[in-house]
file target02.cif (mmCIF, C-alpha atoms and all ligand atoms; chains and numbers go by the auth columns)
data_upload
#
loop_
_atom_site.group_PDB
_atom_site.id
_atom_site.type_symbol
_atom_site.label_atom_id
_atom_site.label_comp_id
_atom_site.label_asym_id
_atom_site.label_seq_id
_atom_site.Cartn_x
_atom_site.Cartn_y
_atom_site.Cartn_z
_atom_site.B_iso_or_equiv
_atom_site.auth_seq_id
_atom_site.auth_asym_id
ATOM 1 C CA MET A 1 -155.492 -20.377 149.784 0.00 1 A
ATOM 2 C CA LYS A 2 -154.552 -17.669 152.309 0.00 2 A
ATOM 3 C CA HIS A 3 -155.648 -14.125 151.397 0.00 3 A
ATOM 4 C CA HIS A 4 -152.109 -12.894 150.868 0.00 4 A
ATOM 5 C CA PRO A 5 -149.986 -15.910 150.217 0.00 5 A
ATOM 6 C CA ASN A 6 -146.327 -15.603 149.358 0.00 6 A
ATOM 7 C CA ILE A 7 -145.442 -15.407 145.694 0.00 7 A
ATOM 8 C CA ILE A 8 -142.549 -17.694 144.835 0.00 8 A
ATOM 9 C CA LEU A 9 -140.660 -17.236 141.585 0.00 9 A
ATOM 10 C CA VAL A 10 -139.169 -20.430 140.280 0.00 10 A
ATOM 11 C CA GLY A 11 -136.953 -21.048 137.270 0.00 11 A
ATOM 12 C CA PHE A 12 -133.561 -21.500 135.731 0.00 12 A
ATOM 13 C CA MET A 13 -130.677 -19.147 136.476 0.00 13 A
ATOM 14 C CA GLY A 14 -130.981 -16.086 134.283 0.00 14 A
ATOM 15 C CA SER A 15 -134.773 -16.348 134.042 0.00 15 A
ATOM 16 C CA GLY A 16 -135.183 -12.966 135.769 0.00 16 A
ATOM 17 C CA LYS A 17 -136.503 -14.193 139.151 0.00 17 A
ATOM 18 C CA THR A 18 -134.803 -11.557 141.301 0.00 18 A
ATOM 19 C CA THR A 19 -135.461 -8.588 139.001 0.00 19 A
ATOM 20 C CA ILE A 20 -139.121 -9.514 138.566 0.00 20 A
ATOM 21 C CA ALA A 21 -139.655 -10.357 142.264 0.00 21 A
ATOM 22 C CA LYS A 22 -138.388 -6.877 143.207 0.00 22 A
ATOM 23 C CA ILE A 23 -140.833 -5.200 140.819 0.00 23 A
ATOM 24 C CA ILE A 24 -143.754 -7.306 142.089 0.00 24 A
ATOM 25 C CA SER A 25 -142.884 -6.593 145.716 0.00 25 A
ATOM 26 C CA ASN A 26 -142.912 -2.830 144.997 0.00 26 A
ATOM 27 C CA VAL A 27 -146.226 -2.953 143.182 0.00 27 A
ATOM 28 C CA LEU A 28 -148.000 -5.147 145.739 0.00 28 A
ATOM 29 C CA LYS A 29 -146.230 -3.703 148.784 0.00 29 A
ATOM 30 C CA LEU A 30 -145.148 -7.159 149.886 0.00 30 A
ATOM 31 C CA ARG A 31 -141.725 -7.844 151.350 0.00 31 A
ATOM 32 C CA PHE A 32 -139.027 -9.143 149.014 0.00 32 A
ATOM 33 C CA ILE A 33 -136.558 -11.882 149.782 0.00 33 A
ATOM 34 C CA ASP A 34 -133.931 -13.583 147.661 0.00 34 A
ATOM 35 C CA LEU A 35 -133.046 -17.000 149.083 0.00 35 A
ATOM 36 C CA ASP A 36 -129.463 -16.964 147.787 0.00 36 A
ATOM 37 C CA SER A 37 -128.890 -13.604 149.511 0.00 37 A
ATOM 38 C CA TRP A 38 -130.334 -15.034 152.729 0.00 38 A
ATOM 39 C CA ILE A 39 -127.838 -17.913 152.534 0.00 39 A
ATOM 40 C CA GLU A 40 -124.977 -15.518 151.755 0.00 40 A
ATOM 41 C CA LYS A 41 -125.853 -13.339 154.735 0.00 41 A
ATOM 42 C CA ASN A 42 -126.165 -16.326 157.028 0.00 42 A
ATOM 43 C CA ASN A 43 -122.800 -17.688 155.899 0.00 43 A
ATOM 44 C CA LYS A 44 -121.059 -14.320 155.532 0.00 44 A
ATOM 45 C CA SER A 45 -119.877 -15.572 152.164 0.00 45 A
ATOM 46 C CA SER A 46 -120.924 -15.513 148.509 0.00 46 A
ATOM 47 C CA VAL A 47 -122.608 -18.440 146.725 0.00 47 A
ATOM 48 C CA PRO A 48 -119.553 -19.124 144.459 0.00 48 A
ATOM 49 C CA ILE A 49 -117.247 -19.147 147.513 0.00 49 A
ATOM 50 C CA ILE A 50 -119.598 -21.415 149.483 0.00 50 A
ATOM 51 C CA PHE A 51 -119.602 -23.854 146.533 0.00 51 A
ATOM 52 C CA ALA A 52 -115.821 -23.661 146.164 0.00 52 A
ATOM 53 C CA THR A 53 -114.927 -24.039 149.840 0.00 53 A
ATOM 54 C CA LYS A 54 -117.732 -26.191 151.266 0.00 54 A
ATOM 55 C CA GLY A 55 -119.183 -27.902 148.209 0.00 55 A
ATOM 56 C CA GLU A 56 -122.616 -28.184 146.629 0.00 56 A
ATOM 57 C CA ALA A 57 -124.022 -30.582 149.260 0.00 57 A
ATOM 58 C CA TYR A 58 -123.360 -28.015 151.983 0.00 58 A
ATOM 59 C CA PHE A 59 -125.008 -25.285 149.873 0.00 59 A
ATOM 60 C CA ARG A 60 -128.094 -27.466 149.331 0.00 60 A
ATOM 61 C CA THR A 61 -128.390 -28.015 153.097 0.00 61 A
ATOM 62 C CA GLU A 62 -128.228 -24.267 153.636 0.00 62 A
ATOM 63 C CA GLU A 63 -130.874 -23.844 150.961 0.00 63 A
ATOM 64 C CA GLU A 64 -133.146 -26.297 152.784 0.00 64 A
ATOM 65 C CA LYS A 65 -132.598 -24.395 156.044 0.00 65 A
ATOM 66 C CA ALA A 66 -133.536 -21.100 154.379 0.00 66 A
ATOM 67 C CA ILE A 67 -136.739 -22.625 152.972 0.00 67 A
ATOM 68 C CA LYS A 68 -137.695 -24.058 156.359 0.00 68 A
ATOM 69 C CA TRP A 69 -137.240 -20.612 157.903 0.00 69 A
ATOM 70 C CA LEU A 70 -139.294 -19.040 155.134 0.00 70 A
ATOM 71 C CA SER A 71 -142.122 -21.567 155.389 0.00 71 A
ATOM 72 C CA ARG A 72 -143.399 -19.812 158.520 0.00 72 A
ATOM 73 C CA LYS A 73 -143.610 -16.421 156.771 0.00 73 A
ATOM 74 C CA ASP A 74 -146.407 -14.725 154.909 0.00 74 A
ATOM 75 C CA LYS A 75 -146.768 -11.840 152.429 0.00 75 A
ATOM 76 C CA TYR A 76 -143.373 -12.226 150.815 0.00 76 A
ATOM 77 C CA VAL A 77 -142.291 -12.182 147.198 0.00 77 A
ATOM 78 C CA VAL A 78 -139.512 -14.727 147.007 0.00 78 A
ATOM 79 C CA SER A 79 -136.873 -15.404 144.378 0.00 79 A
ATOM 80 C CA ILE A 80 -135.234 -18.776 144.796 0.00 80 A
ATOM 81 C CA GLY A 81 -132.067 -20.331 143.351 0.00 81 A
ATOM 82 C CA GLY A 82 -132.575 -22.325 140.156 0.00 82 A
ATOM 83 C CA GLY A 83 -131.803 -25.623 141.914 0.00 83 A
ATOM 84 C CA ALA A 84 -133.840 -25.085 145.098 0.00 84 A
ATOM 85 C CA TRP A 85 -137.038 -26.304 143.458 0.00 85 A
ATOM 86 C CA ILE A 86 -135.624 -29.662 142.349 0.00 86 A
ATOM 87 C CA SER A 87 -135.616 -31.336 145.768 0.00 87 A
ATOM 88 C CA GLU A 88 -139.026 -32.835 146.534 0.00 88 A
ATOM 89 C CA ILE A 89 -138.943 -31.725 150.186 0.00 89 A
ATOM 90 C CA ASN A 90 -138.261 -28.117 149.165 0.00 90 A
ATOM 91 C CA ARG A 91 -140.811 -28.194 146.367 0.00 91 A
ATOM 92 C CA LYS A 92 -143.562 -29.442 148.670 0.00 92 A
ATOM 93 C CA ARG A 93 -142.760 -26.654 151.120 0.00 93 A
ATOM 94 C CA PHE A 94 -142.879 -24.021 148.389 0.00 94 A
ATOM 95 C CA LEU A 95 -146.142 -25.352 146.960 0.00 95 A
ATOM 96 C CA HIS A 96 -147.647 -25.236 150.439 0.00 96 A
ATOM 97 C CA MET A 97 -146.365 -21.814 151.472 0.00 97 A
ATOM 98 C CA GLY A 98 -147.411 -19.806 148.450 0.00 98 A
ATOM 99 C CA TRP A 99 -148.316 -19.313 144.853 0.00 99 A
ATOM 100 C CA CYS A 100 -145.464 -20.691 142.752 0.00 100 A
ATOM 101 C CA VAL A 101 -144.774 -19.174 139.346 0.00 101 A
ATOM 102 C CA TRP A 102 -142.341 -20.705 136.853 0.00 102 A
ATOM 103 C CA LEU A 103 -140.524 -18.127 134.742 0.00 103 A
ATOM 104 C CA LYS A 104 -139.930 -20.127 131.603 0.00 104 A
ATOM 105 C CA VAL A 105 -136.927 -19.217 129.490 0.00 105 A
ATOM 106 C CA THR A 106 -135.020 -20.940 126.679 0.00 106 A
ATOM 107 C CA ALA A 107 -131.464 -22.210 127.076 0.00 107 A
ATOM 108 C CA SER A 108 -130.196 -19.895 124.326 0.00 108 A
ATOM 109 C CA GLU A 109 -131.763 -16.887 126.053 0.00 109 A
ATOM 110 C CA VAL A 110 -130.166 -17.891 129.372 0.00 110 A
ATOM 111 C CA TRP A 111 -126.810 -18.117 127.617 0.00 111 A
ATOM 112 C CA ARG A 112 -127.299 -14.717 125.962 0.00 112 A
ATOM 113 C CA ARG A 113 -127.973 -13.178 129.386 0.00 113 A
ATOM 114 C CA ILE A 114 -125.199 -14.763 131.404 0.00 114 A
ATOM 115 C CA ARG A 115 -122.409 -15.468 128.907 0.00 115 A
ATOM 116 C CA ASN A 116 -120.315 -12.556 130.210 0.00 116 A
ATOM 117 C CA GLU A 117 -120.502 -13.652 133.815 0.00 117 A
ATOM 118 C CA TYR A 118 -120.928 -17.435 133.679 0.00 118 A
ATOM 119 C CA LYS A 119 -117.604 -17.862 135.508 0.00 119 A
ATOM 120 C CA ASN A 120 -119.421 -16.647 138.639 0.00 120 A
ATOM 121 C CA ARG A 121 -121.978 -19.435 138.288 0.00 121 A
ATOM 122 C CA PRO A 122 -120.675 -22.453 140.213 0.00 122 A
ATOM 123 C CA LEU A 123 -122.533 -25.015 138.098 0.00 123 A
ATOM 124 C CA LEU A 124 -121.199 -23.592 134.825 0.00 124 A
ATOM 125 C CA ALA A 125 -117.834 -22.064 135.711 0.00 125 A
ATOM 126 C CA LYS A 126 -115.714 -25.141 135.036 0.00 126 A
ATOM 127 C CA SER A 127 -117.615 -26.361 132.015 0.00 127 A
ATOM 128 C CA LYS A 128 -115.856 -26.505 128.633 0.00 128 A
ATOM 129 C CA ASN A 129 -119.194 -26.051 126.910 0.00 129 A
ATOM 130 C CA PRO A 130 -121.441 -23.976 129.188 0.00 130 A
ATOM 131 C CA LEU A 131 -124.277 -23.688 126.646 0.00 131 A
ATOM 132 C CA GLN A 132 -124.400 -27.477 126.366 0.00 132 A
ATOM 133 C CA LYS A 133 -124.399 -27.713 130.160 0.00 133 A
ATOM 134 C CA ILE A 134 -127.296 -25.228 130.336 0.00 134 A
ATOM 135 C CA ASN A 135 -129.199 -27.277 127.743 0.00 135 A
ATOM 136 C CA ASN A 136 -128.694 -30.543 129.640 0.00 136 A
ATOM 137 C CA LEU A 137 -129.568 -29.073 133.022 0.00 137 A
ATOM 138 C CA MET A 138 -132.613 -27.322 131.597 0.00 138 A
ATOM 139 C CA LYS A 139 -133.909 -30.554 130.009 0.00 139 A
ATOM 140 C CA LYS A 140 -133.664 -32.341 133.372 0.00 140 A
ATOM 141 C CA ARG A 141 -135.164 -29.504 135.379 0.00 141 A
ATOM 142 C CA GLU A 142 -138.077 -28.495 133.165 0.00 142 A
ATOM 143 C CA ASN A 143 -140.069 -31.544 134.271 0.00 143 A
ATOM 144 C CA PHE A 144 -139.865 -30.201 137.814 0.00 144 A
ATOM 145 C CA TYR A 145 -140.381 -26.529 137.017 0.00 145 A
ATOM 146 C CA ARG A 146 -143.652 -27.321 135.241 0.00 146 A
ATOM 147 C CA LEU A 147 -145.055 -28.535 138.603 0.00 147 A
ATOM 148 C CA ALA A 148 -145.377 -24.890 139.705 0.00 148 A
ATOM 149 C CA HIS A 149 -148.910 -23.468 140.028 0.00 149 A
ATOM 150 C CA PHE A 150 -148.521 -21.158 137.063 0.00 150 A
ATOM 151 C CA THR A 151 -146.182 -20.919 134.079 0.00 151 A
ATOM 152 C CA CYS A 152 -145.172 -17.565 132.690 0.00 152 A
ATOM 153 C CA ASP A 153 -143.376 -17.594 129.356 0.00 153 A
ATOM 154 C CA THR A 154 -140.771 -14.842 129.521 0.00 154 A
ATOM 155 C CA THR A 155 -139.864 -14.944 125.801 0.00 155 A
ATOM 156 C CA SER A 156 -140.052 -11.489 124.213 0.00 156 A
ATOM 157 C CA ARG A 157 -141.431 -9.887 127.377 0.00 157 A
ATOM 158 C CA THR A 158 -139.756 -7.231 129.496 0.00 158 A
ATOM 159 C CA PRO A 159 -139.441 -7.743 133.282 0.00 159 A
ATOM 160 C CA GLU A 160 -142.112 -5.036 133.768 0.00 160 A
ATOM 161 C CA GLU A 161 -144.530 -6.821 131.426 0.00 161 A
ATOM 162 C CA ILE A 162 -143.943 -10.132 133.191 0.00 162 A
ATOM 163 C CA ALA A 163 -144.423 -8.549 136.614 0.00 163 A
ATOM 164 C CA THR A 164 -147.685 -6.910 135.467 0.00 164 A
ATOM 165 C CA LEU A 165 -148.964 -10.230 134.180 0.00 165 A
ATOM 166 C CA ILE A 166 -148.120 -12.004 137.448 0.00 166 A
ATOM 167 C CA VAL A 167 -149.626 -9.211 139.594 0.00 167 A
ATOM 168 C CA GLY A 168 -152.863 -9.395 137.553 0.00 168 A
ATOM 169 C CA LYS A 169 -153.143 -13.159 138.053 0.00 169 A
ATOM 170 C CA TYR A 170 -152.318 -12.857 141.753 0.00 170 A
ATOM 171 C CA GLU A 171 -154.978 -10.220 142.338 0.00 171 A
ATOM 172 C CA LYS A 172 -157.577 -12.405 140.639 0.00 172 A
ATOM 173 C CA LEU A 173 -156.539 -15.313 142.865 0.00 173 A
ATOM 174 C CA ILE A 174 -156.940 -13.177 145.973 0.00 174 A
ATOM 175 C CA ILE A 175 -160.379 -11.895 144.942 0.00 175 A
ATOM 176 C CA HIS A 176 -161.412 -15.473 144.202 0.00 176 A
ATOM 177 C CA SER A 177 -160.131 -16.794 147.548 0.00 177 A
ATOM 178 C CA LYS A 178 -161.821 -13.930 149.446 0.00 178 A
ATOM 179 C CA SER A 179 -165.183 -14.521 147.780 0.00 179 A
ATOM 180 C CA LYS A 180 -164.860 -18.260 148.493 0.00 180 A
ATOM 181 C CA SER A 181 -164.182 -17.626 152.206 0.00 181 A
ATOM 182 C CA VAL A 182 -167.152 -15.201 152.403 0.00 182 A
ATOM 183 C CA ARG A 183 -169.424 -17.866 150.922 0.00 183 A
ATOM 184 C CA SER A 184 -168.233 -20.640 153.222 0.00 184 A
HETATM 185 C C1 LIG B . -128.176 -22.601 141.151 0.00 201 B
HETATM 186 C C2 LIG B . -128.639 -21.348 140.829 0.00 201 B
HETATM 187 C C3 LIG B . -128.162 -20.129 141.493 0.00 201 B
HETATM 188 C C4 LIG B . -127.552 -20.450 142.863 0.00 201 B
HETATM 189 C C5 LIG B . -126.552 -21.547 142.766 0.00 201 B
HETATM 190 C C6 LIG B . -127.162 -22.843 142.212 0.00 201 B
HETATM 191 C C7 LIG B . -128.752 -23.787 140.448 0.00 201 B
HETATM 192 O O1 LIG B . -129.207 -19.181 141.673 0.00 201 B
HETATM 193 O O2 LIG B . -128.569 -20.823 143.766 0.00 201 B
HETATM 194 O O3 LIG B . -125.511 -21.122 141.974 0.00 201 B
HETATM 195 O O4 LIG B . -128.607 -24.905 140.944 0.00 201 B
HETATM 196 O O5 LIG B . -129.361 -23.577 139.374 0.00 201 B
HETATM 197 P P1 LIG B . -129.918 -18.363 140.470 0.00 201 B
HETATM 198 O O6 LIG B . -130.926 -19.261 139.833 0.00 201 B
HETATM 199 O O7 LIG B . -130.563 -17.211 141.164 0.00 201 B
HETATM 200 O O8 LIG B . -128.854 -17.935 139.527 0.00 201 B
#
call {"tool": "encode", "arguments": {"input": "target02.cif", "output": "structure tokens"}}
result
Amino acid sequence: MKHHPNIILVGFMGSGKTTIAKIISNVLKLRFIDLDSWIEKNNKSSVPIIFATKGEAYFRTEEEKAIKWLSRKDKYVVSIGGGAWISEINRKRFLHMGWCVWLKVTASEVWRRIRNEYKNRPLLAKSKNPLQKINNLMKKRENFYRLAHFTCDTTSRTPEEIATLIVGKYEKLIIHSKSKSVRS
């Protein structure tokens, strides 16, 4: 592993990726990037509007473009959209470009966090039963999320506690990779 690989936060919407990535980037003095914001900037439009006007397939292509751009970067803390990890091409890129951490969260907790703003979430907005939709999507996606390098259970932990835990693991990884490269 590189001495300062990117840290990539993976997980379902509402798992806290962006909040936690910002804290980690401050603590470690690494640059922060949110892939959805990158896409929004590039398209001069918001994610819900991109979905509504150009469709999900277009959004996924933009997501792939953003990941390709990012794959040449180093020393970033990255929060990605909940669906970006599901494509095998994207996942392989992420696994190659950095240390991937899955922020595990339950469906009921996701619903508790986003119930007041789920209408802004393109995959849930039109659903008659958004909690059911979250449950179904989560069941399908968990098999992919668990392929990340490290799983962090976010249940009953604050964003600060989660960030501290991730920073601690990351620092150990760096020390380990440095001592390995000194030996070899
Ligand atoms: C999506 C999650 C969203 C955003 C888009 C699609 C998904 O990002 O990329 O609405 O497929 O789960 P967050 O996970 O940051 O909410």
call {"tool": "axis_aligned_box", "arguments": {"input": "target02.cif", "around": "ligand LIG 201 (chain B)", "padding_each_side": "3 Å", "output": "lines of an AutoDock Vina configuration file"}}
result
center_x = -128.2
center_y = -21.1
center_z = 141.6
size_x = 11.4
size_y = 13.7
size_z = 10.4
call {"tool": "resolve_selection", "arguments": {"input": "target02.cif", "expression": "the PyMOL selection byres (((chain A and resi 153) around 8) and not hetatm)", "output": "list in words"}}
result
Leu103, Lys104, Val105, Thr151, Cys152, Thr154 and Thr155 of chain A
call {"tool": "closest_residue", "arguments": {"input": "target02.cif", "among": "A:Lys92, A:Arg121, A:Arg60, A:Lys22", "to": "ligand LIG 201 (chain B)", "atoms": "all atoms listed in the file"}}
result
A:Arg121
call {"tool": "resolve_selection", "arguments": {"input": "target02.cif", "expression": "the PyMOL selection byres (((not hetatm)) within 7 of (chain B and resi 201))", "output": "PyMOL selection string"}}
result
chain A and resi 11-14+17+36+47-48+80-84+121-123
call {"tool": "atom_distance", "arguments": {"input": "target02.cif", "atom1": "CA of Arg141 in chain A", "atom2": "CA of Trp85 in chain A"}}
result
8.9 Å
call {"tool": "closest_residue", "arguments": {"input": "target02.cif", "among": "A:Leu147, A:Ala125, A:Ala66, A:Ala163", "to": "Thr19 in chain A", "atoms": "all atoms listed in the file"}}
result
A:Ala163
call {"tool": "residues_near_point", "arguments": {"input": "target02.cif", "point": "(-142.5, -9.6, 134.3)", "cutoff": "9 Å", "atoms": "only C-alpha atoms", "output": "ChimeraX atom specification"}}
result
/A:16-17,19-21,23-24,103,152,154,157-167
call {"tool": "resolve_selection", "arguments": {"input": "target02.cif", "expression": "the PyMOL selection byres (((chain A and resi 101) around 8) and not hetatm)", "output": "JSON list (two decimals) with C-alpha atoms, in the frame of the given file"}}
result
[["chain", "number", "residue", "atom", "x", "y", "z"],
["A", 7, "ILE", "CA", -145.44, -15.41, 145.69],
["A", 8, "ILE", "CA", -142.55, -17.69, 144.84],
["A", 9, "LEU", "CA", -140.66, -17.24, 141.58],
["A", 10, "VAL", "CA", -139.17, -20.43, 140.28],
["A", 99, "TRP", "CA", -148.32, -19.31, 144.85],
["A", 100, "CYS", "CA", -145.46, -20.69, 142.75],
["A", 102, "TRP", "CA", -142.34, -20.70, 136.85],
["A", 103, "LEU", "CA", -140.52, -18.13, 134.74],
["A", 148, "ALA", "CA", -145.38, -24.89, 139.71],
["A", 149, "HIS", "CA", -148.91, -23.47, 140.03],
["A", 150, "PHE", "CA", -148.52, -21.16, 137.06],
["A", 151, "THR", "CA", -146.18, -20.92, 134.08],
["A", 152, "CYS", "CA", -145.17, -17.57, 132.69]]
call {"tool": "atom_distance", "arguments": {"input": "target02.cif", "atom1": "CA of Ile49 in chain A", "atom2": "CA of Leu124 in chain A"}}
result
14.0 Å
call {"tool": "residues_around", "arguments": {"input": "target02.cif", "residues": "Glu62 in chain A", "least_positions_apart": "2", "cutoff": "12 Å", "atoms": "only C-alpha atoms", "output": "ChimeraX atom specification"}}
result
/A:35-43,47,50-51,54-60,64-69,81,84,90
call {"tool": "atom_distance", "arguments": {"input": "target02.cif", "atom1": "CA of Lys126 in chain A", "atom2": "CA of Ala52 in chain A"}}
result
11.2 Å
call {"tool": "decode", "arguments": {"input": "target02.cif", "residues": "range 139-148 of chain A", "atoms": "all heavy atoms", "output": "tab-separated table (two decimals), in the first residue's frame"}}
result
chain	number	residue	atom	x	y	z
A	139	LYS	N	-30.57	-4.72	1.48
A	139	LYS	CA	-30.34	-6.17	1.40
A	139	LYS	C	-29.49	-6.50	0.19
A	139	LYS	O	-28.57	-7.29	0.25
A	139	LYS	CB	-31.68	-6.91	1.33
A	139	LYS	CG	-32.11	-7.42	2.68
A	139	LYS	CD	-33.30	-8.34	2.60
A	139	LYS	CE	-34.05	-8.22	3.93
A	139	LYS	NZ	-35.46	-7.91	3.77
A	140	LYS	N	-29.83	-5.88	-0.96
A	140	LYS	CA	-29.09	-6.16	-2.20
A	140	LYS	C	-27.66	-5.63	-2.10
A	140	LYS	O	-26.72	-6.26	-2.55
A	140	LYS	CB	-29.77	-5.45	-3.38
A	140	LYS	CG	-30.96	-6.19	-3.90
A	140	LYS	CD	-31.40	-5.55	-5.23
A	140	LYS	CE	-32.89	-5.77	-5.41
A	140	LYS	NZ	-33.55	-4.67	-6.08
A	141	ARG	N	-27.52	-4.45	-1.52
A	141	ARG	CA	-26.22	-3.78	-1.57
A	141	ARG	C	-25.23	-4.26	-0.51
A	141	ARG	O	-24.03	-4.12	-0.70
A	141	ARG	CB	-26.42	-2.26	-1.44
A	141	ARG	CG	-27.02	-1.68	-2.69
A	141	ARG	CD	-27.15	-0.19	-2.54
A	141	ARG	NE	-27.54	0.44	-3.79
A	141	ARG	CZ	-27.70	1.73	-3.92
A	141	ARG	NH1	-27.52	2.54	-2.89
A	141	ARG	NH2	-28.05	2.24	-5.09
A	142	GLU	N	-25.74	-4.79	0.60
A	142	GLU	CA	-24.82	-5.16	1.68
A	142	GLU	C	-23.76	-6.17	1.23
A	142	GLU	O	-22.62	-6.12	1.68
A	142	GLU	CB	-25.59	-5.69	2.89
A	142	GLU	CG	-26.11	-4.53	3.72
A	142	GLU	CD	-26.49	-4.90	5.15
A	142	GLU	OE1	-26.73	-6.09	5.42
A	142	GLU	OE2	-26.56	-3.99	5.98
A	143	ASN	N	-24.16	-7.07	0.32
A	143	ASN	CA	-23.20	-8.07	-0.17
A	143	ASN	C	-22.02	-7.41	-0.89
A	143	ASN	O	-20.93	-7.96	-0.94
A	143	ASN	CB	-23.89	-9.03	-1.14
A	143	ASN	CG	-24.87	-9.89	-0.41
A	143	ASN	OD1	-24.66	-10.21	0.75
A	143	ASN	ND2	-25.97	-10.23	-1.08
A	144	PHE	N	-22.27	-6.24	-1.45
A	144	PHE	CA	-21.19	-5.50	-2.13
A	144	PHE	C	-20.41	-4.65	-1.12
A	144	PHE	O	-19.19	-4.62	-1.15
A	144	PHE	CB	-21.76	-4.62	-3.24
A	144	PHE	CG	-22.44	-5.42	-4.33
A	144	PHE	CD1	-23.82	-5.48	-4.43
A	144	PHE	CD2	-21.67	-6.15	-5.24
A	144	PHE	CE1	-24.44	-6.23	-5.42
A	144	PHE	CE2	-22.28	-6.90	-6.24
A	144	PHE	CZ	-23.66	-6.94	-6.32
A	145	TYR	N	-21.15	-3.99	-0.24
A	145	TYR	CA	-20.47	-3.11	0.73
A	145	TYR	C	-19.45	-3.90	1.57
A	145	TYR	O	-18.40	-3.40	1.91
A	145	TYR	CB	-21.47	-2.44	1.67
A	145	TYR	CG	-22.36	-1.40	1.03
A	145	TYR	CD1	-23.69	-1.23	1.46
A	145	TYR	CD2	-21.90	-0.57	0.01
A	145	TYR	CE1	-24.52	-0.27	0.89
A	145	TYR	CE2	-22.72	0.39	-0.56
A	145	TYR	CZ	-24.03	0.54	-0.12
A	145	TYR	OH	-24.85	1.49	-0.68
A	146	ARG	N	-19.81	-5.18	1.87
A	146	ARG	CA	-18.90	-5.93	2.75
A	146	ARG	C	-17.58	-6.27	2.07
A	146	ARG	O	-16.67	-6.81	2.69
A	146	ARG	CB	-19.59	-7.16	3.36
A	146	ARG	CG	-19.95	-8.27	2.42
A	146	ARG	CD	-20.61	-9.45	3.14
A	146	ARG	NE	-22.06	-9.30	3.31
A	146	ARG	CZ	-22.66	-9.02	4.45
A	146	ARG	NH1	-21.98	-8.86	5.55
A	146	ARG	NH2	-23.98	-8.89	4.49
A	147	LEU	N	-17.44	-5.96	0.77
A	147	LEU	CA	-16.18	-6.21	0.05
A	147	LEU	C	-15.16	-5.09	0.30
A	147	LEU	O	-14.03	-5.16	-0.19
A	147	LEU	CB	-16.44	-6.34	-1.46
A	147	LEU	CG	-17.38	-7.47	-1.88
A	147	LEU	CD1	-17.70	-7.38	-3.37
A	147	LEU	CD2	-16.78	-8.83	-1.56
A	148	ALA	N	-15.55	-4.08	1.06
A	148	ALA	CA	-14.60	-3.01	1.41
A	148	ALA	C	-13.48	-3.59	2.28
A	148	ALA	O	-13.62	-4.68	2.84
A	148	ALA	CB	-15.34	-1.90	2.15
